[in-house]
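K.L.:
One structure is given below, represented as structure tokens, and several questions about it will come after.
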Amino acid sequence: MSPARPPARGALIGALLLSLLPAPSRAAPPDEPSEPAPAAADGDVETIEITARRLRRDDRDGTLAVDRVRPADDPRPASDLGRLLERVPGVRILRSGDTGRAQSLQLRGAGGHQVAVLLDGVPLSAIRGVSVDLGSLPPSMIESADVVRGAAGAAYGSGAQGGALRLRTRSVDGSLADLRLRGGSFGLVQGDGALALGGRAADGLLLISGNRADGDFDYSDAQGRAATRYNNDHQRIGGLLRGRLRLADAEIVGLLHGHLAERGEPGSDQFPDGDARMDSDRVLGALGAAGDALDGLLAWSLRGWWLQRRSTFTDPTGPPATVPAAMRDRSAGLRGFAEWHGFDDHRPSLAFEARHQVASSTAPADSSGEDRWGGALVAAYTFEGLADLRIAPIVRLDALEGRAPMAVPKLGAVWRAVDRDRWALELRGNGGRLFRDPGFDELYVRRPGVRGDPDLRPEDGWGVDGGARLRLRGPLRITLDGMLFAQRYERIILFVPTDAYTVQARDDFSAAVDGVEVGVRLGWGPLDFEGTWLGQHARFTSTPAAPLPDRPAHRLAGLLQADLGPVTPFVSARWHGSVSADRFGSRARPGYGLVDAGLAARLPLDLSLAVEARNLFDVQAFDLLQRPLPGRSVIIEIGWSGG
């Protein structure tokens with residue numbers, strides 16, 4: 001029998017879900033513009049969309065490998081962001097349980113805390129040194145997700161060792177009303193809704209999303225014994241409000257995003273917990289302007305933002321000395337950007353950033369608060385004077401209170417070697433410095449059994465990559481991507497045991513990740529197939545030498561769909577090999593493969609339906625140590641969209 005759960009905010013969230021239950025359509029509005037490549041506020045990355053449709057360029061860096069995916073182009077029920085991102089080479093999503101539970105992004109062997117995550121240019125990466133929970137970002141509010149792979153420290157700053165995830169909120173030109181409801185196994189109920197109004201001079205968008213699930217499921221533990229995952233419920237409600245005002249040579253955009261969540265914390269399968277709870281909330285606000293000056297010769301932008309997070313963990317029957325009461329952090333920043341378009345073959349740009357970060361925590365035995373100021377000056381230059389060759393050096397001078405300014409260079413090049421009617425070949429390469437400043441927990445945490453170190457130095461290293469993209473056009477559409485990469489971390493930060501009762505942050509470890517990414521996209525008539533392979537060798541190079549935990553040597557993923565008019569059947573699969581479960585390589589978790597299948601249908605009266613059976617073969621698996629994944633499940637999505 002499942003342990004009793006405290007009601008907390010569950011009744012409120014459940015009532016809101018039952019009264020609302022909305023979400024934006026996953027089909028792009030019919031009057032959506034083709035989105036040429038404007039001088040964007042954030043710099044210059046030419047992105048290649050997974051579906052091979054060219055979309056907007058983000059000009060922060062024009063040579064890194066970038067893949068764009070969109071919820072509107074995925075036939076599967078849009079239940080979580082991680083499933084969308086798994087289509088990209090180099091990506092692995094680590095899950096802590098069923099749909100709606102925490103997810104983190106692993107990219108080229110870099111952990112979630114080593115990947116920069118931005119929402120409309122606003123950094124979401126936690127200043128405490130932990131990864132962003134992708135499970136708290138519903139696909140309903142995302143227009144597109146750009147996965148930037150490679151040495152992105154010069155362009156994105158601290159914590160971009162593996163690359164960056166750029167999330168762009170939904171854009172609508174005109175009016176739109178949208179509702180979507182999902183239900184599935186383990187008591188899952190999700191609802192999303194959108195309302196957009198606007199025209200040429202101004203537009204506004206309101207998004208509301210909610211999620212709840214009982215979450216309990218049966219599984220087999222590491223010894224093959226039957227068990228049940230209790231206290232695994234989760235509830236979330238959130239919203240986004242965005243307004244845009246278009247002027248003659250500029251536009252002003254305001255953004256407000258909020259998120260409120262509650263979930264049970266069931267513990268590990270060996271040490272289950274029946275009443276631990278986690279409450280969390282997030283509030284983000286941003287205001288920016290962008291435009292042209294000097295008859296279009298100068299593109300400029302200015303954006304300010306503010307982000308606050310709070311989480312509270314309670315465990316009524318746990319050891320009181322180890323239970324933190326609350327953790328809070330907030331950050332505010334300003335970014336300005338200017339790019340000169342007065343030359344045919346040269347495009348210089350300059351950006352500045354300023355930020356302030358504050359973190360505090362309270363626990364029965366401890367209370368602490370810290371803050372710091374930082375900023376950066378970023379100079380970039382793009383040269384396109386040689387035939388079909390782009391060269392883009394970029395240098396970042398990054399300053400942070402408590403350490404000396406750090407110079408972070410990067411050099412990249414892209415060469416369009418062939419561009420003919422039937423086929424095209426593009427070559428690219430990049431190299432640059434990688435770094436991550438210690439998080440507040442790594443520096444200052446003081447709790448029973450856990451110690452930070454205020455003398456920690458930044459993680460430091462470098463990365464290089466090179467590869468090619470081949471496109472064949474005709475009745476059989478083929479796009480092949482291949483990249484070789486090498487990442488060297490001369491210094492990384494880990495919490496390690498200092499005695500039988502205490503772990504402490506240390507920075508005297510080094511590591512290396514070498515690998516290859518391969519992506520293939522095939523189209524023939526109504527059939528489309530996307531497949532990726534990641535092969536990597538991730539290991540410590542400091543003593544003792546051992547595999548990096550949770551980094552599989554091989555990972556495969558694929559999605560096959562057939563557009564048969566009103567019906568689109570699909571099959572998806574993912575597999576990865578065994579992984580080391582600790583930093584000594586003494587324990588390993590077996591790999592696993594999962595297969596999903598379903599169909600999406602367009603119905604009369606602007607209705608749509610998607611049905612998916614997940615984990616068809618009921619495989620019992622673990623993504624994180626002693627955190628089981630659910631077995632076979634079903635999810636159904638029904639939606640309505642009207643413009």
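Letters for chains follow the order of the structure tokens (A, B, ...), residue numbers begin at 1 for each chain, and ligand numbers begin at 1 in the order shown.
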Would you pick out the contacts of A:Pro405 at 10 Å or less, using only C-alpha atoms, so that residues sharing its chain but fewer than 4 positions from it are not included, and give the list as a list of chain:residue names?
P.N.:
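Once the nearby chain positions are removed, what remains is A:Gly374, A:Gly375, A:Ala376, A:Arg396, A:Leu397, A:Asp398, A:Ala399, A:Leu400, A:Glu401.
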K.L.:
Could you write out that same residue set with N, CA, C and O atoms as a compact mmCIF listing (two decimals), in the first residue's frame?
P.N.:
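part22.txt, written as the output of this step:
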```
# COMPACT_ATOMS: atom_id res chain seq x y z
N GLY A 374 29.90 39.97 -11.73
CA GLY A 374 30.71 39.53 -12.85
C GLY A 374 30.35 40.28 -14.11
O GLY A 374 29.35 41.01 -14.16
N GLY A 375 31.14 40.09 -15.13
CA GLY A 375 30.88 40.74 -16.40
C GLY A 375 31.83 40.25 -17.46
O GLY A 375 32.76 39.47 -17.18
N ALA A 376 31.60 40.65 -18.69
CA ALA A 376 32.45 40.21 -19.78
C ALA A 376 32.39 41.22 -20.92
O ALA A 376 31.40 41.93 -21.09
N ARG A 396 36.75 36.45 -25.56
CA ARG A 396 35.96 36.88 -24.42
C ARG A 396 36.90 37.22 -23.27
O ARG A 396 37.79 36.42 -22.93
N LEU A 397 36.73 38.39 -22.69
CA LEU A 397 37.45 38.77 -21.47
C LEU A 397 36.43 38.72 -20.35
O LEU A 397 35.56 39.59 -20.25
N ASP A 398 36.50 37.68 -19.52
CA ASP A 398 35.49 37.40 -18.52
C ASP A 398 36.03 37.73 -17.13
O ASP A 398 37.11 37.28 -16.75
N ALA A 399 35.28 38.53 -16.39
CA ALA A 399 35.69 38.94 -15.05
C ALA A 399 34.65 38.46 -14.04
O ALA A 399 33.45 38.43 -14.32
N LEU A 400 35.13 38.08 -12.85
CA LEU A 400 34.25 37.65 -11.77
C LEU A 400 34.89 38.05 -10.45
O LEU A 400 36.11 37.90 -10.27
N GLU A 401 34.08 38.55 -9.58
CA GLU A 401 34.57 38.96 -8.27
C GLU A 401 35.25 37.78 -7.57
O GLU A 401 34.70 36.68 -7.48
```
K.L.:
Each residue of stretch 261-345 of chain A with at least one atom at most 12 Å from stretch 88-97 of chain A should appear once, together with its nearest atom pair and the corresponding distance in Å (one decimal); atoms considered: only C-alpha atoms; ordering: chain, then increasing residue number; output as JSON lines.
P.N.:
```
{"residue": "A:Arg263", "atom": "CA", "partner": "A:Gly97", "partner_atom": "CA", "distance": 11.9}
{"residue": "A:Gly264", "atom": "CA", "partner": "A:Gly97", "partner_atom": "CA", "distance": 11.6}
{"residue": "A:Glu265", "atom": "CA", "partner": "A:Ser96", "partner_atom": "CA", "distance": 10.3}
{"residue": "A:Pro266", "atom": "CA", "partner": "A:Gly97", "partner_atom": "CA", "distance": 10.2}
{"residue": "A:Gly267", "atom": "CA", "partner": "A:Ser96", "partner_atom": "CA", "distance": 10.4}
{"residue": "A:Ser268", "atom": "CA", "partner": "A:Ser96", "partner_atom": "CA", "distance": 10.2}
{"residue": "A:Asp269", "atom": "CA", "partner": "A:Gly97", "partner_atom": "CA", "distance": 11.7}
```
K.L.:
Check the smallest atom-to-atom distance from each of A:Tyr219, A:Arg555, A:Gly129, A:Gly466 to A:Phe622 using only C-alpha atoms, then report the winner.
P.N.:
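With only C-alpha atoms as the atom set, the closest residue is A:Tyr219.
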K.L.:
A:Ala597: which residues within 7 Å, counting only C-alpha atoms, same-chain residues fewer than 4 positions away excluded, as number ranges by chain?
P.N.:
A: 570-572, 612-614
K.L.:
Using only C-alpha atoms, can you tell me which of A:Leu241, A:Leu476, A:Leu564, A:Met327 comes closest to A:Ser280?
P.N.:
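Result for the nearest residue to A:Ser280: A:Met327.
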K.L.:
Which neighbours of A:Pro526 fall inside 9 Å, counting only C-alpha atoms, when residues of the same chain fewer than 4 positions from it are skipped, and could you give them as JSON, numbers by chain?
P.N.:
{"A": [561, 562, 563, 564, 565]}
K.L.:
Residues of the last selection are to be written out with N, CA and C atoms, as a PDB file, in the first residue's frame.
P.N.:
```
ATOM      1  N   GLN A 561       9.227   8.074 -39.455  1.00  0.00           N
ATOM      2  CA  GLN A 561       7.833   8.485 -39.571  1.00  0.00           C
ATOM      3  C   GLN A 561       7.418   8.488 -41.035  1.00  0.00           C
ATOM      4  N   ALA A 562       6.135   8.313 -41.256  1.00  0.00           N
ATOM      5  CA  ALA A 562       5.586   8.287 -42.613  1.00  0.00           C
ATOM      6  C   ALA A 562       4.389   9.227 -42.669  1.00  0.00           C
ATOM      7  N   ASP A 563       4.483  10.278 -43.480  1.00  0.00           N
ATOM      8  CA  ASP A 563       3.405  11.250 -43.634  1.00  0.00           C
ATOM      9  C   ASP A 563       2.424  10.721 -44.673  1.00  0.00           C
ATOM     10  N   LEU A 564       1.357  10.106 -44.197  1.00  0.00           N
ATOM     11  CA  LEU A 564       0.370   9.474 -45.075  1.00  0.00           C
ATOM     12  C   LEU A 564      -0.899  10.309 -45.150  1.00  0.00           C
ATOM     13  N   GLY A 565      -0.725  11.614 -45.314  1.00  0.00           N
ATOM     14  CA  GLY A 565      -1.884  12.494 -45.375  1.00  0.00           C
ATOM     15  C   GLY A 565      -2.395  12.799 -43.982  1.00  0.00           C
TER      16      GLY A 565
END
```
K.L.:
With only C-alpha atoms as the atoms that count, which of A:Arg420, A:Arg447, A:Arg436, A:Arg551 lies nearest to A:Leu107?
P.N.:
A:Arg551
K.L.:
Excluding same-chain residues fewer than 4 positions from stretch 539-542 of chain A, what lies within 7 Å of it counting only C-alpha atoms, as a list of chain:residue names?
P.N.:
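Here the answer would be A:Phe509, A:Ser510, A:Ala511, A:Ala512, A:Val513, A:Ala546, A:Pro547, A:Leu548.
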K.L.:
Quick one: residues within 10 Å of A:Leu560, only C-alpha atoms, excluding same-chain residues fewer than 3 positions away - as a PyMOL selection string?
P.N.:
chain A and resi 521-523+527-531+569-573+597
K.L.:
How would the residues just picked look written out with N, CA and C atoms as a PDB file, in the first residue's frame?
P.N.:
```pdb
ATOM      1  N   ARG A 521      19.927  11.891 -41.978  1.00  0.00           N
ATOM      2  CA  ARG A 521      18.529  12.220 -42.233  1.00  0.00           C
ATOM      3  C   ARG A 521      18.203  11.790 -43.655  1.00  0.00           C
ATOM      4  N   LEU A 522      17.207  10.935 -43.769  1.00  0.00           N
ATOM      5  CA  LEU A 522      16.805  10.381 -45.059  1.00  0.00           C
ATOM      6  C   LEU A 522      15.345  10.717 -45.311  1.00  0.00           C
ATOM      7  N   GLY A 523      15.044  11.097 -46.544  1.00  0.00           N
ATOM      8  CA  GLY A 523      13.668  11.349 -46.935  1.00  0.00           C
ATOM      9  C   GLY A 523      13.389  10.781 -48.308  1.00  0.00           C
ATOM     10  N   LEU A 527       8.269   9.111 -46.472  1.00  0.00           N
ATOM     11  CA  LEU A 527       9.068   8.555 -45.384  1.00  0.00           C
ATOM     12  C   LEU A 527      10.179   9.515 -44.976  1.00  0.00           C
ATOM     13  N   ASP A 528      10.387   9.637 -43.668  1.00  0.00           N
ATOM     14  CA  ASP A 528      11.495  10.407 -43.120  1.00  0.00           C
ATOM     15  C   ASP A 528      12.128   9.613 -41.988  1.00  0.00           C
ATOM     16  N   PHE A 529      13.461   9.560 -42.009  1.00  0.00           N
ATOM     17  CA  PHE A 529      14.197   8.859 -40.960  1.00  0.00           C
ATOM     18  C   PHE A 529      15.326   9.741 -40.461  1.00  0.00           C
ATOM     19  N   GLU A 530      15.489   9.794 -39.151  1.00  0.00           N
ATOM     20  CA  GLU A 530      16.605  10.481 -38.519  1.00  0.00           C
ATOM     21  C   GLU A 530      17.288   9.506 -37.577  1.00  0.00           C
ATOM     22  N   GLY A 531      18.597   9.427 -37.663  1.00  0.00           N
ATOM     23  CA  GLY A 531      19.348   8.558 -36.774  1.00  0.00           C
ATOM     24  C   GLY A 531      20.631   9.216 -36.330  1.00  0.00           C
ATOM     25  N   PRO A 569       2.134   7.476 -38.916  1.00  0.00           N
ATOM     26  CA  PRO A 569       2.673   6.497 -37.966  1.00  0.00           C
ATOM     27  C   PRO A 569       4.162   6.755 -37.728  1.00  0.00           C
ATOM     28  N   PHE A 570       4.653   6.354 -36.563  1.00  0.00           N
ATOM     29  CA  PHE A 570       6.061   6.586 -36.236  1.00  0.00           C
ATOM     30  C   PHE A 570       6.567   5.493 -35.312  1.00  0.00           C
ATOM     31  N   VAL A 571       7.887   5.298 -35.372  1.00  0.00           N
ATOM     32  CA  VAL A 571       8.599   4.380 -34.481  1.00  0.00           C
ATOM     33  C   VAL A 571       9.884   5.073 -34.064  1.00  0.00           C
ATOM     34  N   SER A 572      10.198   5.057 -32.781  1.00  0.00           N
ATOM     35  CA  SER A 572      11.450   5.633 -32.301  1.00  0.00           C
ATOM     36  C   SER A 572      12.143   4.639 -31.385  1.00  0.00           C
ATOM     37  N   ALA A 573      13.455   4.755 -31.293  1.00  0.00           N
ATOM     38  CA  ALA A 573      14.238   3.845 -30.454  1.00  0.00           C
ATOM     39  C   ALA A 573      15.482   4.565 -29.972  1.00  0.00           C
ATOM     40  N   ALA A 597       6.355   3.372 -30.212  1.00  0.00           N
ATOM     41  CA  ALA A 597       5.629   3.406 -31.489  1.00  0.00           C
ATOM     42  C   ALA A 597       4.269   4.048 -31.285  1.00  0.00           C
TER      43      ALA A 597
END
```
K.L.:
As a list in words, list the residues of stretch 143-345 of chain A assigned to helix (DSSP H, G or I) by DSSP on the backbone atoms of this structure.
P.N.:
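Here is the list: Gly153, Ala154, Ala155, Tyr156, Ser185, Phe186, Gly187, Pro320, Ala321 and Thr322 of chain A.
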K.L.:
Any chance you could export the current selection's N, CA, C and O atoms as a tab-separated table (two decimals), in the first residue's frame?
P.N.:
```tsv
chain	number	residue	atom	x	y	z
A	153	GLY	N	32.68	28.39	-24.89
A	153	GLY	CA	32.94	29.27	-23.76
A	153	GLY	C	33.10	30.72	-24.15
A	153	GLY	O	32.66	31.62	-23.44
A	154	ALA	N	33.75	31.00	-25.29
A	154	ALA	CA	33.95	32.38	-25.71
A	154	ALA	C	32.62	33.06	-26.02
A	154	ALA	O	32.43	34.25	-25.76
A	155	ALA	N	31.68	32.31	-26.58
A	155	ALA	CA	30.40	32.89	-26.98
A	155	ALA	C	29.40	32.94	-25.83
A	155	ALA	O	28.61	33.88	-25.74
A	156	TYR	N	29.41	31.94	-24.94
A	156	TYR	CA	28.37	31.82	-23.94
A	156	TYR	C	28.87	31.91	-22.50
A	156	TYR	O	28.07	31.89	-21.57
A	185	SER	N	-0.27	6.58	-18.60
A	185	SER	CA	-0.02	5.65	-17.51
A	185	SER	C	0.50	6.37	-16.28
A	185	SER	O	1.00	7.50	-16.36
A	186	PHE	N	0.38	5.71	-15.12
A	186	PHE	CA	0.84	6.21	-13.83
A	186	PHE	C	0.11	7.49	-13.42
A	186	PHE	O	0.66	8.34	-12.73
A	187	GLY	N	-1.15	7.64	-13.89
A	187	GLY	CA	-1.96	8.77	-13.51
A	187	GLY	C	-1.52	10.09	-14.13
A	187	GLY	O	-1.84	11.16	-13.60
A	320	PRO	N	16.79	14.86	11.04
A	320	PRO	CA	16.65	16.32	10.97
A	320	PRO	C	17.96	17.03	10.68
A	320	PRO	O	17.97	18.08	10.03
A	321	ALA	N	19.07	16.51	11.13
A	321	ALA	CA	20.34	17.21	10.95
A	321	ALA	C	20.77	17.30	9.50
A	321	ALA	O	21.65	18.08	9.16
A	322	THR	N	20.20	16.50	8.63
A	322	THR	CA	20.64	16.50	7.24
A	322	THR	C	19.62	17.15	6.31
A	322	THR	O	19.79	17.11	5.09
```
K.L.:
Looking at only C-alpha atoms, which of A:Gly215, A:Gly62, A:Gly482, A:Pro75 is the one that sits closest to A:Val611?
P.N.:
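Among the listed residues, the smallest separation from A:Val611 belongs to A:Pro75.
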K.L.:
Counting only C-alpha atoms, what is within 6 Å of A:Gln235, bar same-chain residues fewer than 5 positions away, as a PyMOL selection string?
P.N.:
chain A and resi 211-212+261-262
K.L.:
Output all heavy atoms for every residue in that selection, as a short mmCIF file (atom, residue, chain, number, x, y, z; two decimals), in the first residue's frame.
P.N.:
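Dumped to part_18.cif:
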```cif
data_model
loop_
_atom_site.label_atom_id
_atom_site.label_comp_id
_atom_site.auth_asym_id
_atom_site.auth_seq_id
_atom_site.Cartn_x
_atom_site.Cartn_y
_atom_site.Cartn_z
N ASN A 211 0.89 19.91 -15.25
CA ASN A 211 1.31 18.52 -15.30
C ASN A 211 1.08 17.91 -13.91
O ASN A 211 1.39 18.54 -12.90
CB ASN A 211 2.79 18.44 -15.67
CG ASN A 211 3.33 17.02 -15.66
OD1 ASN A 211 3.36 16.36 -16.67
ND2 ASN A 211 3.78 16.56 -14.50
N ARG A 212 0.52 16.72 -13.87
CA ARG A 212 0.45 16.00 -12.61
C ARG A 212 0.45 14.51 -12.90
O ARG A 212 0.06 14.07 -13.99
CB ARG A 212 -0.80 16.37 -11.80
CG ARG A 212 -2.10 15.84 -12.37
CD ARG A 212 -3.25 15.95 -11.38
NE ARG A 212 -2.96 15.32 -10.12
CZ ARG A 212 -3.08 14.00 -9.89
NH1 ARG A 212 -3.47 13.19 -10.89
NH2 ARG A 212 -2.80 13.49 -8.72
N ALA A 261 6.09 24.06 -8.66
CA ALA A 261 6.10 22.61 -8.72
C ALA A 261 6.19 22.02 -7.32
O ALA A 261 6.75 22.62 -6.40
CB ALA A 261 7.26 22.10 -9.58
N GLU A 262 5.65 20.82 -7.21
CA GLU A 262 5.77 20.02 -5.99
C GLU A 262 5.94 18.57 -6.40
O GLU A 262 5.32 18.11 -7.37
CB GLU A 262 4.51 20.17 -5.13
CG GLU A 262 4.53 19.33 -3.87
CD GLU A 262 3.17 19.23 -3.21
OE1 GLU A 262 2.19 19.67 -3.83
OE2 GLU A 262 3.09 18.68 -2.10
#
```
K.L.:
In Å, with one decimal, what is the gap from atom CA of A:Gly593 to atom CA of A:Arg182?
P.N.:
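So the answer is 24.9 Å.
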K.L.:
State, in Å with one decimal place, the distance from atom CA of A:Val148 to atom CA of A:Thr169.
P.N.:
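That distance, rounded to one decimal, is 17.0 Å.
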K.L.:
Go through A:Val69, A:Val408, A:Val619, A:Leu434 and flag the residue nearest A:Leu165, using only C-alpha atoms for the distances.
P.N.:
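Checking each candidate against A:Leu165, we get A:Val69 as the closest.
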